[in-house]
Each structure stands twice: as C-alpha cells, then as structure tokens.
$ cat final-v9.cif   # mmCIF, C-alpha atoms
data_structure
#
loop_
_atom_site.label_atom_id
_atom_site.label_comp_id
_atom_site.auth_asym_id
_atom_site.auth_seq_id
_atom_site.Cartn_x
_atom_site.Cartn_y
_atom_site.Cartn_z
CA MET H 978 19.20 -34.99 33.74
CA LYS H 979 17.24 -31.72 34.37
CA ILE H 980 19.85 -29.72 32.45
CA CYS H 981 19.59 -32.11 29.50
CA LEU H 982 15.80 -31.82 29.46
CA ILE H 983 16.00 -28.00 29.54
CA ILE H 984 18.45 -27.97 26.63
CA ILE H 985 16.27 -30.35 24.62
CA GLY H 986 13.22 -28.18 25.36
CA ILE H 987 14.95 -25.00 24.21
CA VAL H 988 16.13 -26.59 20.97
CA PHE H 989 12.66 -28.01 20.34
CA PHE H 990 10.96 -24.65 20.92
CA GLN H 991 13.41 -22.64 18.84
CA SER H 992 12.85 -24.91 15.87
CA CYS H 993 9.24 -23.61 15.73
CA LYS H 994 8.15 -27.07 14.71
CA PHE H 995 5.50 -29.16 16.46
CA LEU H 996 3.94 -32.54 15.95
CA ASP H 997 0.28 -32.41 15.08
CA LYS H 998 -1.04 -35.31 17.17
CA ASP H 999 -4.15 -35.72 15.05
CA SER H 1000 -2.31 -36.17 11.77
CA ASP H 1001 1.19 -37.12 12.98
CA THR H 1002 2.68 -34.46 10.71
CA LEU H 1003 5.34 -31.90 11.48
CA PHE H 1004 4.05 -28.31 11.67
CA SER H 1005 6.15 -25.17 11.31
CA PHE H 1006 5.46 -21.44 11.66
CA ASN H 1007 7.52 -21.10 8.47
CA ASP H 1008 4.86 -23.02 6.56
CA PRO H 1009 3.77 -20.72 3.68
CA LEU H 1010 0.14 -21.55 4.46
CA PHE H 1011 0.43 -20.77 8.17
CA LEU H 1012 -2.07 -18.25 9.53
CA GLY H 1013 -1.61 -16.65 12.94
CA ILE H 1014 -4.38 -16.56 15.54
CA ASN H 1015 -5.40 -13.02 14.48
CA ASP H 1016 -4.87 -13.49 10.74
CA ILE H 1017 -7.85 -13.56 8.38
CA ALA H 1018 -7.60 -15.23 4.98
CA ILE H 1019 -9.56 -13.46 2.25
CA ALA H 1020 -10.89 -15.55 -0.61
CA CYS H 1021 -13.63 -15.14 -3.19
CA GLN H 1022 -15.04 -16.60 -6.38
CA GLY H 1023 -14.78 -14.57 -9.55
CA GLU H 1024 -14.51 -14.33 -13.29
CA ALA H 1025 -11.67 -16.48 -14.62
CA VAL H 1026 -8.48 -14.78 -15.78
CA LEU H 1027 -6.36 -16.95 -18.06
CA THR H 1028 -3.14 -15.09 -18.86
CA GLN H 1029 -0.80 -12.48 -17.41
CA ASP H 1030 -1.64 -10.06 -20.24
CA GLN H 1031 -5.35 -10.49 -19.57
CA TRP H 1032 -4.73 -9.86 -15.87
CA GLN H 1033 -2.87 -6.63 -16.65
CA ASN H 1034 -5.60 -5.47 -19.04
CA TYR H 1035 -8.40 -6.22 -16.55
CA LEU H 1036 -6.55 -4.34 -13.80
CA ASN H 1037 -6.17 -1.37 -16.14
CA GLN H 1038 -9.92 -1.45 -16.76
CA ILE H 1039 -10.71 -1.56 -13.04
CA ILE H 1040 -8.46 1.44 -12.40
CA SER H 1041 -9.43 3.57 -15.39
CA GLU H 1042 -13.18 2.98 -15.00
CA ASN H 1043 -13.26 3.77 -11.28
CA LYS H 1044 -10.61 6.46 -10.73
CA ILE H 1045 -12.48 9.70 -10.06
CA ASN H 1046 -9.37 11.81 -9.52
CA ASP H 1047 -5.97 11.45 -7.82
CA SER H 1048 -7.53 11.26 -4.36
CA LYS H 1049 -10.89 9.59 -5.02
CA PHE H 1050 -11.82 6.12 -6.21
CA ASN H 1051 -15.27 4.65 -6.87
CA PHE H 1052 -15.20 1.60 -4.58
CA ASN H 1053 -18.99 1.46 -4.48
CA ASN H 1054 -19.18 0.91 -8.24
CA ILE H 1055 -16.91 -2.13 -7.97
CA VAL H 1056 -18.99 -3.49 -5.08
CA THR H 1057 -22.11 -3.15 -7.24
CA ASN H 1058 -20.85 -4.06 -10.72
CA LYS H 1059 -17.28 -5.36 -10.84
CA LYS H 1060 -16.78 -7.59 -7.82
CA ASN H 1061 -16.58 -10.82 -9.88
CA LYS H 1062 -13.89 -9.37 -12.15
CA LEU H 1063 -11.94 -8.08 -9.15
CA CYS H 1064 -12.09 -11.53 -7.50
CA GLY H 1065 -10.86 -13.12 -10.72
CA LEU H 1066 -7.79 -10.88 -10.64
CA VAL H 1067 -7.08 -11.87 -7.03
CA ASN H 1068 -7.53 -15.58 -7.70
CA PHE H 1069 -5.16 -15.49 -10.69
CA LEU H 1070 -2.34 -14.58 -8.28
CA GLN H 1071 -2.56 -17.83 -6.33
CA LYS H 1072 -0.01 -19.46 -8.62
CA LYS H 1073 3.33 -17.86 -9.35
CA PRO H 1074 4.08 -17.40 -13.06
CA GLY H 1075 6.59 -20.06 -14.09
CA ASN H 1076 8.98 -17.48 -15.53
CA PHE H 1077 8.49 -14.81 -12.84
CA ASP H 1078 12.07 -15.04 -11.61
CA GLN H 1079 13.26 -14.39 -15.16
CA PHE H 1080 11.25 -11.17 -15.40
CA SER H 1081 13.37 -8.01 -15.56
CA GLU H 1082 13.75 -6.13 -12.27
CA ALA H 1083 11.41 -3.39 -13.52
CA LYS H 1084 8.77 -5.92 -14.50
CA ARG H 1085 8.94 -7.73 -11.16
CA LEU H 1086 8.71 -4.48 -9.20
CA SER H 1087 5.79 -3.32 -11.36
CA HIS H 1088 3.98 -6.58 -10.69
CA TRP H 1089 4.44 -6.34 -6.91
CA ILE H 1090 3.15 -2.74 -6.94
CA ASN H 1091 0.13 -3.80 -9.00
CA ILE H 1092 -0.52 -6.64 -6.56
CA TYR H 1093 -0.43 -4.21 -3.63
CA HIS H 1094 -2.88 -1.85 -5.30
CA LEU H 1095 -5.19 -4.70 -6.27
CA LEU H 1096 -5.25 -6.12 -2.74
CA ILE H 1097 -5.98 -2.82 -0.98
CA ILE H 1098 -8.84 -2.23 -3.43
CA HIS H 1099 -10.07 -5.79 -2.87
CA LEU H 1100 -9.92 -5.47 0.92
CA ILE H 1101 -12.03 -2.30 0.86
CA VAL H 1102 -14.51 -3.75 -1.65
CA ASP H 1103 -14.77 -7.08 0.20
CA ARG H 1104 -15.37 -5.36 3.56
CA TYR H 1105 -17.09 -2.25 2.23
CA THR H 1106 -19.90 -2.47 4.81
CA GLU H 1107 -17.27 -2.10 7.56
CA VAL H 1108 -15.48 1.08 6.43
CA ASN H 1109 -17.85 3.34 8.36
CA GLU H 1110 -16.97 3.78 12.03
CA LYS H 1111 -19.46 1.92 14.21
CA ASN H 1112 -22.33 3.96 15.63
CA LYS H 1113 -21.29 7.04 13.64
CA PRO H 1114 -23.11 8.88 10.81
CA ASN H 1115 -22.38 7.61 7.32
CA THR H 1116 -20.31 10.65 6.40
CA ILE H 1117 -16.81 10.96 4.95
CA GLU H 1118 -15.11 11.92 8.21
CA PHE H 1119 -16.12 8.58 9.75
CA ARG H 1120 -15.20 6.39 6.79
CA SER H 1121 -11.77 4.76 6.67
CA PRO H 1122 -10.25 1.38 5.75
CA LEU H 1123 -8.86 1.37 9.31
CA ASN H 1124 -12.40 0.70 10.56
CA ILE H 1125 -12.47 -2.69 8.82
CA GLY H 1126 -12.74 -5.39 11.46
CA SER H 1127 -12.00 -2.65 14.04
CA LYS H 1128 -8.35 -3.48 13.39
CA GLY H 1129 -6.87 -0.06 12.74
CA LEU H 1130 -3.40 -0.29 11.18
CA LYS H 1131 -3.49 -4.06 11.68
CA ILE H 1132 -5.47 -4.32 8.42
CA PHE H 1133 -2.06 -4.17 6.75
CA SER H 1134 -0.68 -7.15 8.67
CA GLU H 1135 -3.60 -9.41 9.59
CA TYR H 1136 -5.67 -9.70 6.40
CA LYS H 1137 -3.99 -12.14 4.04
CA TRP H 1138 -4.36 -13.47 0.50
CA LEU H 1139 -2.95 -16.57 -1.16
CA ILE H 1140 -0.29 -15.14 -3.47
CA PHE H 1141 2.18 -17.34 -5.38
CA GLY H 1142 1.32 -20.32 -3.13
CA LYS H 1143 1.89 -18.41 0.12
CA TYR H 1144 -0.22 -16.24 2.40
CA TYR H 1145 0.78 -12.59 2.14
CA SER H 1146 -0.44 -9.53 4.02
CA LEU H 1147 -0.20 -6.03 2.58
CA ASP H 1148 2.81 -5.40 4.82
CA GLN H 1149 4.50 -8.52 3.44
CA ILE H 1150 3.81 -7.41 -0.13
CA GLU H 1151 5.39 -4.07 0.76
CA ASP H 1152 8.42 -5.93 2.14
CA GLU H 1153 8.85 -7.49 -1.31
CA ILE H 1154 8.61 -4.02 -2.85
CA LYS H 1155 11.24 -2.62 -0.47
CA LYS H 1156 13.75 -5.20 -1.67
CA PHE H 1157 14.11 -3.11 -4.84
CA ASN H 1158 15.56 -0.21 -2.80
CA ASN H 1159 13.51 2.61 -4.31
CA PRO H 1160 12.47 4.81 -1.35
CA LEU H 1161 9.85 6.70 -3.36
CA VAL H 1162 7.78 3.57 -3.99
CA SER H 1163 6.46 3.05 -0.44
CA ILE H 1164 5.46 6.69 -0.06
CA SER H 1165 3.78 6.59 -3.49
CA LEU H 1166 1.69 3.44 -2.93
CA PHE H 1167 -2.08 3.81 -3.05
CA ARG H 1168 -3.41 2.76 0.37
CA GLY H 1169 -7.07 3.56 -0.10
CA MET H 1170 -6.85 6.70 2.07
CA GLY H 1171 -6.71 10.40 1.24
CA GLY H 1172 -3.38 11.26 2.84
CA PHE H 1173 -1.30 8.71 0.98
CA GLY H 1174 -0.17 8.07 -2.58
CA PRO H 1175 -2.82 8.52 -5.28
CA ILE H 1176 -4.15 5.70 -7.42
CA PRO H 1177 -2.20 5.70 -10.71
CA SER H 1178 -4.01 6.32 -13.96
CA ILE H 1179 -3.00 2.90 -15.28
CA ALA H 1180 -1.41 -0.26 -13.91
CA PHE H 1181 2.38 -0.32 -13.62
CA ASP H 1182 4.56 -2.02 -16.24
CA GLU H 1183 8.14 -1.80 -17.46
CA SER H 1184 7.40 1.12 -19.76
CA ASN H 1185 5.75 3.40 -17.18
CA LEU H 1186 7.31 2.26 -13.88
CA VAL H 1187 9.58 5.27 -13.27
CA THR H 1188 7.02 7.74 -14.62
CA ASN H 1189 4.22 6.35 -12.45
CA ILE H 1190 6.34 6.39 -9.28
CA GLU H 1191 7.50 9.95 -9.85
CA GLU H 1192 4.06 11.20 -10.91
CA ASN H 1193 2.47 9.65 -7.81
CA PHE H 1194 5.00 11.35 -5.53
CA THR H 1195 4.61 14.66 -7.40
CA ASN H 1196 0.83 14.48 -7.05
CA LEU H 1197 1.12 13.64 -3.35
CA ILE H 1198 3.31 16.60 -2.36
CA THR H 1199 1.77 19.07 -4.84
CA ASN H 1200 -1.88 18.39 -4.07
CA ASN H 1201 -1.57 17.59 -0.36
CA SER H 1202 0.77 20.33 0.86
CA PHE H 1203 -0.58 23.55 2.38
CA PHE H 1204 1.21 26.89 2.33
CA ASP H 1205 0.80 29.50 5.06
CA HIS H 1206 1.97 32.97 3.96
CA GLU H 1207 0.78 34.74 7.10
CA THR H 1208 3.81 33.80 9.20
CA ASN H 1209 7.42 34.91 9.01
CA PRO H 1210 9.11 32.77 7.93
CA LYS H 1211 6.28 31.16 5.96
CA ILE H 1212 5.24 27.56 6.71
CA VAL H 1213 4.58 24.68 4.34
CA PHE H 1214 2.66 21.75 5.81
CA ILE H 1215 3.59 18.59 3.90
CA PRO H 1216 1.83 15.18 4.01
CA GLY H 1217 2.41 13.31 7.26
CA ALA H 1218 2.80 10.13 5.19
CA ILE H 1219 6.28 11.33 4.22
CA GLU H 1220 7.28 11.24 7.88
CA LEU H 1221 5.92 7.69 8.13
CA PHE H 1222 7.49 6.20 5.02
CA LEU H 1223 10.65 8.23 4.44
CA PRO H 1224 12.13 8.28 7.95
CA GLU H 1225 15.69 8.50 6.67
CA ILE H 1226 14.97 11.72 4.76
CA ASN H 1227 13.49 13.29 7.90
CA GLN H 1228 16.94 13.16 9.48
CA ASN H 1229 18.27 15.33 6.65
CA GLU H 1230 16.32 18.56 6.16
CA ILE H 1231 18.46 19.68 3.24
CA GLY H 1232 17.79 16.37 1.52
CA LEU H 1233 14.06 16.72 2.19
CA ARG H 1234 14.01 20.24 0.75
CA ASN H 1235 15.92 19.14 -2.34
CA LEU H 1236 13.55 16.20 -2.82
CA MET H 1237 10.51 18.46 -2.59
CA ASN H 1238 12.07 21.01 -4.93
CA LYS H 1239 12.69 18.29 -7.49
CA TYR H 1240 9.16 16.90 -7.46
CA ILE H 1241 6.83 19.81 -6.66
CA ASP H 1242 4.83 20.77 -9.73
CA TYR H 1243 5.53 24.51 -9.76
CA SER H 1244 3.25 25.00 -12.76
CA VAL H 1245 0.34 24.17 -10.44
CA LEU H 1246 1.66 26.16 -7.47
CA ASP H 1247 3.15 29.14 -9.33
CA GLU H 1248 0.93 31.59 -7.42
CA VAL H 1249 1.80 29.97 -4.09
CA ILE H 1250 5.53 29.35 -4.14
CA ALA H 1251 8.29 30.23 -6.58
CA MET H 1252 10.69 27.67 -7.99
CA ASP H 1253 13.60 26.84 -5.65
CA GLU H 1254 12.09 28.84 -2.75
CA ILE H 1255 11.52 25.69 -0.72
CA ILE H 1256 15.30 25.21 -0.48
CA ASN H 1257 15.67 28.47 1.47
CA GLN H 1258 15.28 27.73 5.20
CA ASN H 1259 14.92 31.44 5.92
CA LEU H 1260 11.85 31.71 3.67
CA TRP H 1261 9.98 28.49 4.48
CA ILE H 1262 9.66 26.26 7.54
CA ILE H 1263 8.62 22.67 6.83
CA GLN H 1264 6.10 21.01 9.14
CA TYR H 1265 4.14 17.78 8.83
CA ASP H 1266 0.38 17.84 8.40
CA PRO H 1267 -1.63 15.20 10.33
CA VAL H 1268 -2.14 12.06 8.26
CA ASN H 1269 -5.50 11.86 6.50
CA TRP H 1270 -6.83 8.34 7.13
CA GLN H 1271 -10.22 8.92 5.43
CA LEU H 1272 -11.38 6.55 2.72
CA ALA H 1273 -10.38 7.83 -0.72
CA GLU H 1274 -13.84 7.89 -2.24
#

$ encode --input "final-v9.cif" --output "structure tokens"
Amino acid sequence: MKICLIIIGIVFFQSCKFLDKDSDTLFSFNDPLFLGINDIAIACQGEAVLTQDQWQNYLNQIISENKINDSKFNFNNIVTNKKNKLCGLVNFLQKKPGNFDQFSEAKRLSHWINIYHLLIIHLIVDRYTEVNEKNKPNTIEFRSPLNIGSKGLKIFSEYKWLIFGKYYSLDQIEDEIKKFNNPLVSISLFRGMGGFGPIPSIAFDESNLVTNIEENFTNLITNNSFFDHETNPKIVFIPGAIELFLPEINQNEIGLRNLMNKYIDYSVLDEVIAMDEIINQNLWIIQYDPVNWQLAE
C-alpha cells in the first residue's frame, strides 16, 4: 500500500497540476497566465493603438524622437511626455495578430525584436525612479536598469508582460528570438545599458532586418572596442557582451577574428587599426573589456 501511495504521489507531483480548493479548478504551472512567486506583472493604461501599422509607426516615433546617439536614449523624455503612447504600444501586444503565424520568417523575427526593445524601454520608463542605486549620488556611474527592484540580472526573468495572451519575460522573448538561429541578434539587442547593442535608428521590419542587425553589431564592436598600441603584441579590448552572448564563437579564436574583421568599420578606425590586421594573432591580442551595465542615457 505504501509503495502505491508513493507512486501516486510522484505522478501527481510531476504533472505540475493541483486542485484549487477554493474554486475546484485544476491549476497548472504551464498555464500561460501563471506567475511565479518572484514574478512581477507590469501593466499600464495608455493611448489606444488600433492596427499593426499604427503600432509600427508609433514605435518608430518613440525611437526616432528619443534616440540621442547609438549609446544614449532619452528615457526621461518618455517618462515626462510619452508614457501614455508607450503604454498603448505595450497594451496592443496583449492579443496575438490573427495572421501572425502566416507572417514571413523575417517579419516574425522583426516583430519579436521590436517587442524586446519596446519592453526594455517600458521597464526602464515604468520604474525610472528605481534606476539609481539606493543611497548613492544621482550620477551616471550609479544608474543602471539592474538596480530596478534591486533584482540585478533577474529583471530579465522576473518582470513580465501580457504578450499574445501569455505572460512573457524579456528572457522568454529572447528565447523566441533565438528560435530563428541568427547568433548576431542576441548580441545586437538593445538592453538599455551602455555595453550592449545600440538602439536602432528605426524599428525593425522585413526591409531593414538584416541591415539593422549588422549595423547594430558593427556599431557595438566599432564604438565599444579599445586599442592599446603600447604593448607588443598590441591589445584590442572588445565588448564583454560578446563573451556573454556569443559563447560558441569564444571557443574559436579564428572565427572571432574573422567575425570582427567582417564587421569592424575600418573607415572610422583607419587611424587605429588597418584592414585585416585583426586577423593576425602576432599583431593583436584579443581581450574582453568588463561589461558596462550603466543606463544608456
């Protein structure tokens, strides 16, 4: 009898389903509206958005009006003047477009990237009073999205939005993006911090998807790499984010050098490094710079 009870208990637990005694309904951790004990649902009221085209146009406006440069974004302006429009964009995503699964692969990937960028902007705007480290001066070195809720990197997994009828975190949105098997996308995503991908000039769509991804990666390694000519061999310090998000390329130094050589903008760095020099291991050593977690503002 004890063995039978143990077996029944194991099967019951592994099903991840429980009876809610108050409502007599079956509950499951696989419920799309399930929130874990540490999860925080973010919701807001905003200006209505009626169509997908309007959503895309509004997102373009938010980006173009508030992008200062590749590494700085005017979050404070949105907090002050555009919060209702931003909330409208977030709320529009609650229902999945009826024809979403018929979108081309490029269009679906573009939409997921746009959703990621919108949500990281919304998180920072919604919790803007929390980006400064507690009990520290209100200066750039103490301002980071990782201070929000004192959660650190858990901001990417524990803050959630209702997207397409299901609660998604930023990490879960990125999981959808990874399904498209383009390794440059994750490293190129805008994460609201200085050491990561820059905010694109416009929202992603089918026509600019490849260009935006490649431009973001080019801007990241061109503008965030530092070249030391005082050593022999010389040293290039590249963004630590590459080590975080391209782990497979870190196992292959030749592949990393070829990738950098392909995407470095030598027209910007012509006085620093000559074309194809990065491939030569005898001329340049590659090291990773510490990740810059500061708020991109």

$ closest_residue --input "final-v9.cif" --among "H:Glu1274, H:Ser1087, H:Phe1080, H:Asp1266" --to "H:Thr1188" --atoms "all atoms listed in the file"
H:Ser1087

$ residues_near_point --input "final-v9.cif" --point "(14.0, 8.3, 4.0)" --cutoff "12 Å" --atoms "only C-alpha atoms" --output "PDB file with C-alpha atoms, keeping the file's coordinate frame"
ATOM      1  CA  ASN H1158      15.560  -0.210  -2.800  1.00  0.00           C
ATOM      2  CA  ASN H1159      13.510   2.610  -4.310  1.00  0.00           C
ATOM      3  CA  PRO H1160      12.470   4.810  -1.350  1.00  0.00           C
ATOM      4  CA  LEU H1161       9.850   6.700  -3.360  1.00  0.00           C
ATOM      5  CA  VAL H1162       7.780   3.570  -3.990  1.00  0.00           C
ATOM      6  CA  SER H1163       6.460   3.050  -0.440  1.00  0.00           C
ATOM      7  CA  ILE H1164       5.460   6.690  -0.060  1.00  0.00           C
ATOM      8  CA  ALA H1218       2.800  10.130   5.190  1.00  0.00           C
ATOM      9  CA  ILE H1219       6.280  11.330   4.220  1.00  0.00           C
ATOM     10  CA  GLU H1220       7.280  11.240   7.880  1.00  0.00           C
ATOM     11  CA  LEU H1221       5.920   7.690   8.130  1.00  0.00           C
ATOM     12  CA  PHE H1222       7.490   6.200   5.020  1.00  0.00           C
ATOM     13  CA  LEU H1223      10.650   8.230   4.440  1.00  0.00           C
ATOM     14  CA  PRO H1224      12.130   8.280   7.950  1.00  0.00           C
ATOM     15  CA  GLU H1225      15.690   8.500   6.670  1.00  0.00           C
ATOM     16  CA  ILE H1226      14.970  11.720   4.760  1.00  0.00           C
ATOM     17  CA  ASN H1227      13.490  13.290   7.900  1.00  0.00           C
ATOM     18  CA  GLN H1228      16.940  13.160   9.480  1.00  0.00           C
ATOM     19  CA  ASN H1229      18.270  15.330   6.650  1.00  0.00           C
ATOM     20  CA  GLU H1230      16.320  18.560   6.160  1.00  0.00           C
ATOM     21  CA  GLY H1232      17.790  16.370   1.520  1.00  0.00           C
ATOM     22  CA  LEU H1233      14.060  16.720   2.190  1.00  0.00           C
ATOM     23  CA  LEU H1236      13.550  16.200  -2.820  1.00  0.00           C
TER      24      LEU H1236
END

$ residues_around --input "final-v9.cif" --residues "H:Leu1063" --least-positions-apart "5" --cutoff "12 Å" --atoms "all atoms listed in the file" --output "number ranges by chain"
H: 1020-1026, 1032-1033, 1035-1040, 1052, 1054-1058, 1068-1070, 1092, 1094-1103

$ write_last_selection --input "final-v9.cif" --atoms "C-alpha atoms" --output "short mmCIF file (atom, residue, chain, number, x, y, z; two decimals), keeping the file's coordinate frame"
data_model
loop_
_atom_site.label_atom_id
_atom_site.label_comp_id
_atom_site.auth_asym_id
_atom_site.auth_seq_id
_atom_site.Cartn_x
_atom_site.Cartn_y
_atom_site.Cartn_z
CA ALA H 1020 -10.89 -15.55 -0.61
CA CYS H 1021 -13.63 -15.14 -3.19
CA GLN H 1022 -15.04 -16.60 -6.38
CA GLY H 1023 -14.78 -14.57 -9.55
CA GLU H 1024 -14.51 -14.33 -13.29
CA ALA H 1025 -11.67 -16.48 -14.62
CA VAL H 1026 -8.48 -14.78 -15.78
CA TRP H 1032 -4.73 -9.86 -15.87
CA GLN H 1033 -2.87 -6.63 -16.65
CA TYR H 1035 -8.40 -6.22 -16.55
CA LEU H 1036 -6.55 -4.34 -13.80
CA ASN H 1037 -6.17 -1.37 -16.14
CA GLN H 1038 -9.92 -1.45 -16.76
CA ILE H 1039 -10.71 -1.56 -13.04
CA ILE H 1040 -8.46 1.44 -12.40
CA PHE H 1052 -15.20 1.60 -4.58
CA ASN H 1054 -19.18 0.91 -8.24
CA ILE H 1055 -16.91 -2.13 -7.97
CA VAL H 1056 -18.99 -3.49 -5.08
CA THR H 1057 -22.11 -3.15 -7.24
CA ASN H 1058 -20.85 -4.06 -10.72
CA ASN H 1068 -7.53 -15.58 -7.70
CA PHE H 1069 -5.16 -15.49 -10.69
CA LEU H 1070 -2.34 -14.58 -8.28
CA ILE H 1092 -0.52 -6.64 -6.56
CA HIS H 1094 -2.88 -1.85 -5.30
CA LEU H 1095 -5.19 -4.70 -6.27
CA LEU H 1096 -5.25 -6.12 -2.74
CA ILE H 1097 -5.98 -2.82 -0.98
CA ILE H 1098 -8.84 -2.23 -3.43
CA HIS H 1099 -10.07 -5.79 -2.87
CA LEU H 1100 -9.92 -5.47 0.92
CA ILE H 1101 -12.03 -2.30 0.86
CA VAL H 1102 -14.51 -3.75 -1.65
CA ASP H 1103 -14.77 -7.08 0.20
#

$ resolve_selection --input "final-v9.cif" --expression "the PyMOL selection byres ((chain H and resi 1187) around 12)" --output "PDB file with C-alpha atoms, keeping the file's coordinate frame"
ATOM      1  CA  ALA H1083      11.410  -3.390 -13.520  1.00  0.00           C
ATOM      2  CA  LYS H1084       8.770  -5.920 -14.500  1.00  0.00           C
ATOM      3  CA  LEU H1086       8.710  -4.480  -9.200  1.00  0.00           C
ATOM      4  CA  SER H1087       5.790  -3.320 -11.360  1.00  0.00           C
ATOM      5  CA  ASN H1159      13.510   2.610  -4.310  1.00  0.00           C
ATOM      6  CA  LEU H1161       9.850   6.700  -3.360  1.00  0.00           C
ATOM      7  CA  VAL H1162       7.780   3.570  -3.990  1.00  0.00           C
ATOM      8  CA  SER H1165       3.780   6.590  -3.490  1.00  0.00           C
ATOM      9  CA  PHE H1181       2.380  -0.320 -13.620  1.00  0.00           C
ATOM     10  CA  ASP H1182       4.560  -2.020 -16.240  1.00  0.00           C
ATOM     11  CA  GLU H1183       8.140  -1.800 -17.460  1.00  0.00           C
ATOM     12  CA  SER H1184       7.400   1.120 -19.760  1.00  0.00           C
ATOM     13  CA  ASN H1185       5.750   3.400 -17.180  1.00  0.00           C
ATOM     14  CA  LEU H1186       7.310   2.260 -13.880  1.00  0.00           C
ATOM     15  CA  THR H1188       7.020   7.740 -14.620  1.00  0.00           C
ATOM     16  CA  ASN H1189       4.220   6.350 -12.450  1.00  0.00           C
ATOM     17  CA  ILE H1190       6.340   6.390  -9.280  1.00  0.00           C
ATOM     18  CA  GLU H1191       7.500   9.950  -9.850  1.00  0.00           C
ATOM     19  CA  GLU H1192       4.060  11.200 -10.910  1.00  0.00           C
ATOM     20  CA  ASN H1193       2.470   9.650  -7.810  1.00  0.00           C
ATOM     21  CA  PHE H1194       5.000  11.350  -5.530  1.00  0.00           C
TER      22      PHE H1194
END

$ closest_residue --input "final-v9.cif" --among "H:Leu1027, H:Lys1060, H:Asn1053, H:Lys1137" --to "H:Phe1011" --atoms "all atoms listed in the file"
H:Lys1137

$ atom_distance --input "final-v9.cif" --atom1 "atom CA of H:Ile1256" --atom2 "atom CA of H:Asp1205"
16.1 Å

$ atom_distance --input "final-v9.cif" --atom1 "atom CA of H:Gly1142" --atom2 "atom CA of H:Phe1077"
13.3 Å

$ resolve_selection --input "final-v9.cif" --expression "the PyMOL selection byres ((chain H and resi 1257-1262) around 8)" --output "PyMOL selection string"
chain H and resi 1209-1213+1253-1256+1263-1264

$ write_last_selection --input "final-v9.cif" --atoms "C-alpha atoms" --output "mmCIF file, in the coordinates of the input"
data_model
loop_
_atom_site.group_PDB
_atom_site.id
_atom_site.type_symbol
_atom_site.label_atom_id
_atom_site.label_comp_id
_atom_site.auth_asym_id
_atom_site.auth_seq_id
_atom_site.Cartn_x
_atom_site.Cartn_y
_atom_site.Cartn_z
ATOM 1 C CA ASN H 1209 7.420 34.910 9.010
ATOM 2 C CA PRO H 1210 9.110 32.770 7.930
ATOM 3 C CA LYS H 1211 6.280 31.160 5.960
ATOM 4 C CA ILE H 1212 5.240 27.560 6.710
ATOM 5 C CA VAL H 1213 4.580 24.680 4.340
ATOM 6 C CA ASP H 1253 13.600 26.840 -5.650
ATOM 7 C CA GLU H 1254 12.090 28.840 -2.750
ATOM 8 C CA ILE H 1255 11.520 25.690 -0.720
ATOM 9 C CA ILE H 1256 15.300 25.210 -0.480
ATOM 10 C CA ILE H 1263 8.620 22.670 6.830
ATOM 11 C CA GLN H 1264 6.100 21.010 9.140
#

$ resolve_selection --input "final-v9.cif" --expression "the PyMOL selection byres ((chain H and resi 1241) around 9)" --output "MDAnalysis selection string"
chainID H and resid 1194:1196 1198:1199 1236:1240 1242:1246 1252

$ closest_residue --input "final-v9.cif" --among "H:Phe1119, H:Trp1089, H:Tyr1136, H:Phe1173" --to "H:Lys1156" --atoms "only C-alpha atoms"
H:Trp1089

$ atom_distance --input "final-v9.cif" --atom1 "atom CA of H:Leu1130" --atom2 "atom CA of H:Arg1168"
11.2 Å

$ build_atoms --input "final-v9.cif" --residues "stretch 1026-1040 of chain H" --atoms "N, CA and C atoms" --output "short mmCIF file (atom, residue, chain, number, x, y, z; two decimals), in the frame of the given file"
data_model
loop_
_atom_site.label_atom_id
_atom_site.label_comp_id
_atom_site.auth_asym_id
_atom_site.auth_seq_id
_atom_site.Cartn_x
_atom_site.Cartn_y
_atom_site.Cartn_z
N VAL H 1026 -9.51 -15.49 -15.03
CA VAL H 1026 -8.48 -14.78 -15.78
C VAL H 1026 -7.46 -15.82 -16.23
N LEU H 1027 -7.13 -15.83 -17.52
CA LEU H 1027 -6.36 -16.95 -18.06
C LEU H 1027 -4.88 -16.66 -18.26
N THR H 1028 -4.54 -15.41 -18.55
CA THR H 1028 -3.14 -15.09 -18.86
C THR H 1028 -2.68 -13.85 -18.11
N GLN H 1029 -1.36 -13.66 -18.06
CA GLN H 1029 -0.80 -12.48 -17.41
C GLN H 1029 -1.21 -11.20 -18.14
N ASP H 1030 -1.23 -11.24 -19.47
CA ASP H 1030 -1.64 -10.06 -20.24
C ASP H 1030 -3.10 -9.70 -19.96
N GLN H 1031 -3.94 -10.74 -19.88
CA GLN H 1031 -5.35 -10.49 -19.57
C GLN H 1031 -5.49 -9.90 -18.17
N TRP H 1032 -4.71 -10.38 -17.23
CA TRP H 1032 -4.73 -9.86 -15.87
C TRP H 1032 -4.38 -8.38 -15.86
N GLN H 1033 -3.31 -8.02 -16.59
CA GLN H 1033 -2.87 -6.63 -16.65
C GLN H 1033 -3.95 -5.75 -17.29
N ASN H 1034 -4.56 -6.25 -18.35
CA ASN H 1034 -5.60 -5.47 -19.04
C ASN H 1034 -6.83 -5.27 -18.16
N TYR H 1035 -7.24 -6.34 -17.44
CA TYR H 1035 -8.40 -6.22 -16.55
C TYR H 1035 -8.12 -5.24 -15.43
N LEU H 1036 -6.89 -5.28 -14.87
CA LEU H 1036 -6.55 -4.34 -13.80
C LEU H 1036 -6.58 -2.91 -14.33
N ASN H 1037 -6.09 -2.69 -15.53
CA ASN H 1037 -6.17 -1.37 -16.14
C ASN H 1037 -7.62 -0.89 -16.25
N GLN H 1038 -8.50 -1.80 -16.63
CA GLN H 1038 -9.92 -1.45 -16.76
C GLN H 1038 -10.51 -1.06 -15.41
N ILE H 1039 -10.20 -1.85 -14.38
CA ILE H 1039 -10.71 -1.56 -13.04
C ILE H 1039 -10.27 -0.17 -12.59
N ILE H 1040 -8.99 0.14 -12.83
CA ILE H 1040 -8.46 1.44 -12.40
C ILE H 1040 -9.06 2.58 -13.20
#
